[in-house]
>>> print(open('work_22.tsv').read())   # TSV, C-alpha atoms
chain	number	residue	atom	x	y	z
A	1	MET	CA	7.21	100.94	108.09
A	2	ASN	CA	6.36	103.63	105.52
A	3	VAL	CA	7.57	107.23	105.57
A	4	LYS	CA	4.36	108.62	107.10
A	5	LYS	CA	4.51	106.25	110.07
A	6	LEU	CA	8.20	106.99	110.58
A	7	LEU	CA	7.58	110.75	110.61
A	8	SER	CA	4.71	110.28	113.05
A	9	LEU	CA	6.98	108.34	115.38
A	10	VAL	CA	9.68	111.03	115.27
A	11	VAL	CA	7.13	113.78	115.98
A	12	ALA	CA	5.72	111.79	118.89
A	13	LEU	CA	9.18	111.36	120.40
A	14	PHE	CA	9.84	115.11	120.21
A	15	LEU	CA	6.44	115.89	121.75
A	16	PHE	CA	6.68	113.53	124.71
A	17	SER	CA	10.41	113.52	125.50
A	18	PRO	CA	10.34	117.03	127.07
A	19	LEU	CA	8.10	115.58	129.81
A	20	TYR	CA	11.21	113.85	131.16
A	21	ALA	CA	14.24	115.25	129.37
A	22	GLN	CA	16.51	117.73	131.06
A	23	TRP	CA	20.13	118.77	131.11
A	24	ALA	CA	22.46	118.66	134.10
A	25	VAL	CA	26.12	119.56	134.60
A	26	GLY	CA	28.61	119.02	137.37
A	27	GLY	CA	32.13	118.24	138.47
A	28	LYS	CA	33.96	115.37	140.13
A	29	VAL	CA	37.31	114.54	141.70
A	30	GLY	CA	38.80	111.31	142.96
A	31	LEU	CA	41.53	108.70	143.25
A	32	ASN	CA	42.44	105.91	140.87
A	33	GLY	CA	44.62	102.82	140.90
A	34	SER	CA	46.09	101.92	137.51
A	35	SER	CA	48.24	99.23	135.92
A	36	VAL	CA	48.73	97.61	132.51
A	37	HIS	CA	48.07	94.10	131.24
A	38	PHE	CA	50.77	92.75	128.94
A	39	PRO	CA	52.08	89.50	127.41
A	40	GLY	CA	54.98	87.87	129.23
A	41	SER	CA	57.46	85.26	128.10
A	42	GLY	CA	56.09	81.96	126.78
A	43	GLY	CA	52.67	83.47	126.09
A	44	VAL	CA	51.93	84.00	129.80
A	45	GLU	CA	49.72	87.03	130.47
A	46	LEU	CA	51.02	89.33	133.20
A	47	ASP	CA	49.79	92.31	135.20
A	48	SER	CA	51.97	95.06	136.63
A	49	LYS	CA	51.62	96.49	140.12
A	50	TYR	CA	48.97	99.16	140.62
A	51	CYS	CA	50.05	102.73	141.23
A	52	MET	CA	47.90	105.49	142.68
A	53	GLY	CA	46.91	108.70	140.92
A	54	LEU	CA	44.32	111.47	140.77
A	55	ASN	CA	41.41	112.15	138.44
A	56	GLY	CA	38.96	115.01	138.09
A	57	GLY	CA	36.97	117.09	135.66
A	58	PHE	CA	33.53	118.09	134.44
A	59	PHE	CA	30.55	116.42	132.81
A	60	ALA	CA	27.24	117.10	131.10
A	61	GLN	CA	24.26	114.77	131.34
A	62	TYR	CA	21.07	114.50	129.29
A	63	GLN	CA	18.22	112.76	131.09
A	64	PHE	CA	15.88	111.00	128.67
A	65	SER	CA	13.65	109.60	131.41
A	66	HIS	CA	13.67	108.94	135.15
A	67	TYR	CA	15.68	105.80	134.52
A	68	PHE	CA	17.96	106.44	131.52
A	69	SER	CA	20.49	109.16	130.67
A	70	LEU	CA	23.63	109.79	128.62
A	71	GLN	CA	26.65	111.41	130.26
A	72	ALA	CA	29.76	112.84	128.55
A	73	GLU	CA	32.79	113.74	130.67
A	74	LEU	CA	36.05	115.65	130.24
A	75	LEU	CA	38.57	114.31	132.77
A	76	TYR	CA	42.23	114.57	133.65
A	77	MET	CA	43.75	111.30	134.87
A	78	LYS	CA	47.24	110.46	136.09
A	79	GLY	CA	47.84	106.74	135.70
A	80	GLY	CA	50.65	104.37	134.88
A	81	TYR	CA	52.16	101.17	136.22
A	82	GLU	CA	55.04	99.71	138.26
A	83	LEU	CA	57.27	96.71	137.58
A	84	GLU	CA	59.60	95.07	140.12
A	85	ASP	CA	62.95	93.47	139.17
A	86	PHE	CA	62.39	94.29	135.51
A	87	ILE	CA	65.26	93.47	133.10
A	88	TYR	CA	65.70	96.66	131.07
A	89	GLU	CA	67.98	95.97	128.09
A	90	ASN	CA	68.60	99.65	127.32
A	91	VAL	CA	70.32	100.22	130.67
A	92	GLY	CA	72.55	97.16	130.73
A	93	GLU	CA	70.19	94.26	131.57
A	94	ILE	CA	70.14	95.12	135.28
A	95	PRO	CA	67.01	94.20	137.32
A	96	LEU	CA	65.28	97.47	138.15
A	97	ASP	CA	62.12	98.75	139.78
A	98	VAL	CA	60.41	100.64	136.96
A	99	ASP	CA	57.70	103.27	137.47
A	100	VAL	CA	55.91	104.62	134.37
A	101	SER	CA	53.55	107.62	134.70
A	102	LEU	CA	50.92	108.33	132.02
A	103	HIS	CA	48.88	111.55	132.00
A	104	TYR	CA	45.65	111.51	129.97
A	105	LEU	CA	42.81	113.81	128.98
A	106	GLU	CA	39.87	111.38	128.92
A	107	ILE	CA	36.44	111.61	127.28
A	108	PRO	CA	34.03	108.86	128.34
A	109	VAL	CA	30.48	108.75	126.94
A	110	LEU	CA	28.33	106.64	129.24
A	111	ALA	CA	24.82	105.26	129.29
A	112	LYS	CA	23.43	105.44	132.83
A	113	PHE	CA	20.58	103.29	134.14
A	114	THR	CA	19.25	104.70	137.42
A	115	HIS	CA	16.99	103.07	140.00
A	116	ARG	CA	14.55	105.19	142.00
A	117	THR	CA	16.77	104.64	145.08
A	118	GLY	CA	19.58	106.63	143.41
A	119	LEU	CA	21.74	103.61	142.57
A	120	ASN	CA	22.90	103.50	138.96
A	121	LEU	CA	24.86	101.38	136.49
A	122	GLN	CA	27.19	102.94	133.89
A	123	LEU	CA	28.58	101.60	130.61
A	124	GLY	CA	30.19	103.16	127.54
A	125	PRO	CA	33.28	103.81	125.41
A	126	GLN	CA	36.13	106.10	126.36
A	127	VAL	CA	38.94	107.76	124.42
A	128	GLY	CA	42.07	109.09	126.12
A	129	PHE	CA	44.53	111.65	124.73
A	130	LEU	CA	48.06	111.16	126.07
A	131	LEU	CA	49.37	114.46	127.45
A	132	LYS	CA	52.65	113.41	129.04
A	133	ARG	CA	54.59	110.32	130.11
A	134	ARG	CA	57.60	109.64	132.32
A	135	LEU	CA	59.71	106.64	133.28
A	136	ARG	CA	61.62	106.31	136.53
A	137	TYR	CA	64.14	103.58	137.34
A	138	GLY	CA	66.19	103.86	140.50
A	139	GLU	CA	66.99	107.55	140.87
A	140	GLU	CA	66.79	108.24	137.14
A	141	VAL	CA	63.83	109.96	135.47
A	142	GLN	CA	63.49	109.67	131.70
A	143	SER	CA	61.03	110.89	129.08
A	144	SER	CA	62.94	109.79	125.96
A	145	GLN	CA	61.32	107.61	123.33
A	146	ALA	CA	64.36	105.33	123.35
A	147	LEU	CA	63.49	104.07	126.83
A	148	LEU	CA	59.72	104.49	126.77
A	149	GLY	CA	59.06	103.15	123.27
A	150	LYS	CA	57.07	104.77	120.49
A	151	LYS	CA	54.29	106.94	121.88
A	152	GLN	CA	50.64	106.00	121.34
A	153	PRO	CA	48.72	109.33	121.39
A	154	LEU	CA	45.22	107.78	121.68
A	155	ASP	CA	43.90	105.18	124.08
A	156	PHE	CA	40.56	103.47	123.40
A	157	ALA	CA	38.79	101.70	126.25
A	158	LEU	CA	35.52	100.45	127.69
A	159	ALA	CA	34.35	101.98	130.97
A	160	PHE	CA	31.76	100.46	133.28
A	161	GLY	CA	30.79	100.80	136.90
A	162	ALA	CA	28.16	101.82	139.42
A	163	GLY	CA	27.27	104.81	141.51
A	164	TYR	CA	24.91	106.40	143.98
A	165	GLU	CA	23.35	109.83	143.64
A	166	ALA	CA	21.62	111.62	146.52
A	167	LYS	CA	18.63	113.90	145.97
A	168	ASN	CA	20.73	116.97	146.82
A	169	GLY	CA	23.04	116.29	143.83
A	170	LEU	CA	26.01	114.72	145.64
A	171	PHE	CA	27.16	111.42	144.14
A	172	LEU	CA	29.74	108.66	144.41
A	173	ASP	CA	31.08	106.72	141.40
A	174	ILE	CA	33.07	103.48	141.31
A	175	ARG	CA	34.32	102.67	137.82
A	176	TYR	CA	36.64	100.27	136.00
A	177	LEU	CA	38.48	101.04	132.77
A	178	LEU	CA	39.29	98.15	130.43
A	179	GLY	CA	41.87	99.32	127.89
A	180	LEU	CA	41.45	97.98	124.36
A	181	THR	CA	44.62	99.38	122.74
A	182	SER	CA	48.28	99.31	123.73
A	183	VAL	CA	49.88	102.32	125.39
A	184	TYR	CA	52.80	101.82	122.97
A	185	LYS	CA	52.65	101.95	119.18
A	186	ASP	CA	53.46	98.72	117.33
A	187	VAL	CA	53.65	96.74	120.61
A	188	GLU	CA	50.98	94.18	121.50
A	189	GLY	CA	49.47	94.10	124.95
A	190	PHE	CA	50.16	96.85	127.51
A	191	GLN	CA	46.46	97.79	127.81
A	192	ASN	CA	45.44	100.11	130.62
A	193	ARG	CA	43.56	98.74	133.62
A	194	THR	CA	42.23	101.40	136.00
A	195	PHE	CA	39.89	101.58	139.00
A	196	TYR	CA	38.27	104.97	139.71
A	197	LEU	CA	36.68	106.23	142.92
A	198	SER	CA	35.14	109.70	142.50
A	199	LEU	CA	33.02	112.15	144.44
A	200	GLY	CA	31.06	114.88	142.73
A	201	TYR	CA	28.13	117.24	142.57
A	202	LYS	CA	25.45	117.60	139.88
A	203	PHE	CA	22.88	120.34	139.38
A	204	ASP	CA	20.02	120.56	136.90
A	205	LEU	CA	19.81	123.35	134.34
>>> encode(input="work_22.tsv", output="structure tokens")
Amino acid sequence: MNVKKLLSLVVALFLFSPLYAQWAVGGKVGLNGSSVHFPGSGGVELDSKYCMGLNGGFFAQYQFSHYFSLQAELLYMKGGYELEDFIYENVGEIPLDVDVSLHYLEIPVLAKFTHRTGLNLQLGPQVGFLLKRRLRYGEEVQSSQALLGKKQPLDFALAFGAGYEAKNGLFLDIRYLLGLTSVYKDVEGFQNRTFYLSLGYKFDL
């Protein structure tokens, strides 16, 4: 393809995209269940117990056509994981119930494919910025690096799910987060696994 044809294609896209393209913004709030996936002894892969948390925030969406859009979100999410009868060497090798809370500021960027019925599929990358973390065992609450391990400030993940959007702007999202990096620096495994259920409202600009 020569330069003239390429320029013609770009001009055509700019001329015809406004027939469909439009911006929309909105907010959402919901519940999530989160855990981590980590390597156990002997190479056995393990999953922790899920713990419940909250999520919520705002988003902006650019609609390229009736069927395809890109959506960027700014979300707060409280996640973490629970372990039962965990042997914690730093507190004397006593079996403990351990509860770790992780607070993130998350930015997913999702491609959305929408059917005329309002049903949609969502897929895209997500980056999370760790805001705060806390570990509880028994009656003790700790935030020290000695017990929690070296902090990993960024979490990279893949988000995918489905949703339904009504004509009045109300919508429901069900999403799953597949963590790609460890929540601890220099430690393999311990990737986030999170289910999201969110309600929200969108309005066109």
>>> atom_distance(input="work_22.tsv", atom1="atom CA of Leu75 of chain A", atom2="atom CA of Asn168 of chain A")
22.9 Å
>>> closest_residue(input="work_22.tsv", among="A:Gln63, A:Gln152, A:Asn32, A:Asn120", to="Lys78 of chain A", atoms="all atoms listed in the file")
A:Asn32
>>> atom_distance(input="work_22.tsv", atom1="atom CA of Leu170 of chain A", atom2="atom CA of Leu199 of chain A")
7.6 Å
>>> closest_residue(input="work_22.tsv", among="A:Tyr62, A:Phe171, A:Phe156, A:Tyr184", to="Glu106 of chain A", atoms="only C-alpha atoms")
A:Phe156
>>> atom_distance(input="work_22.tsv", atom1="atom CA of Thr194 of chain A", atom2="atom CA of Thr114 of chain A")
23.3 Å
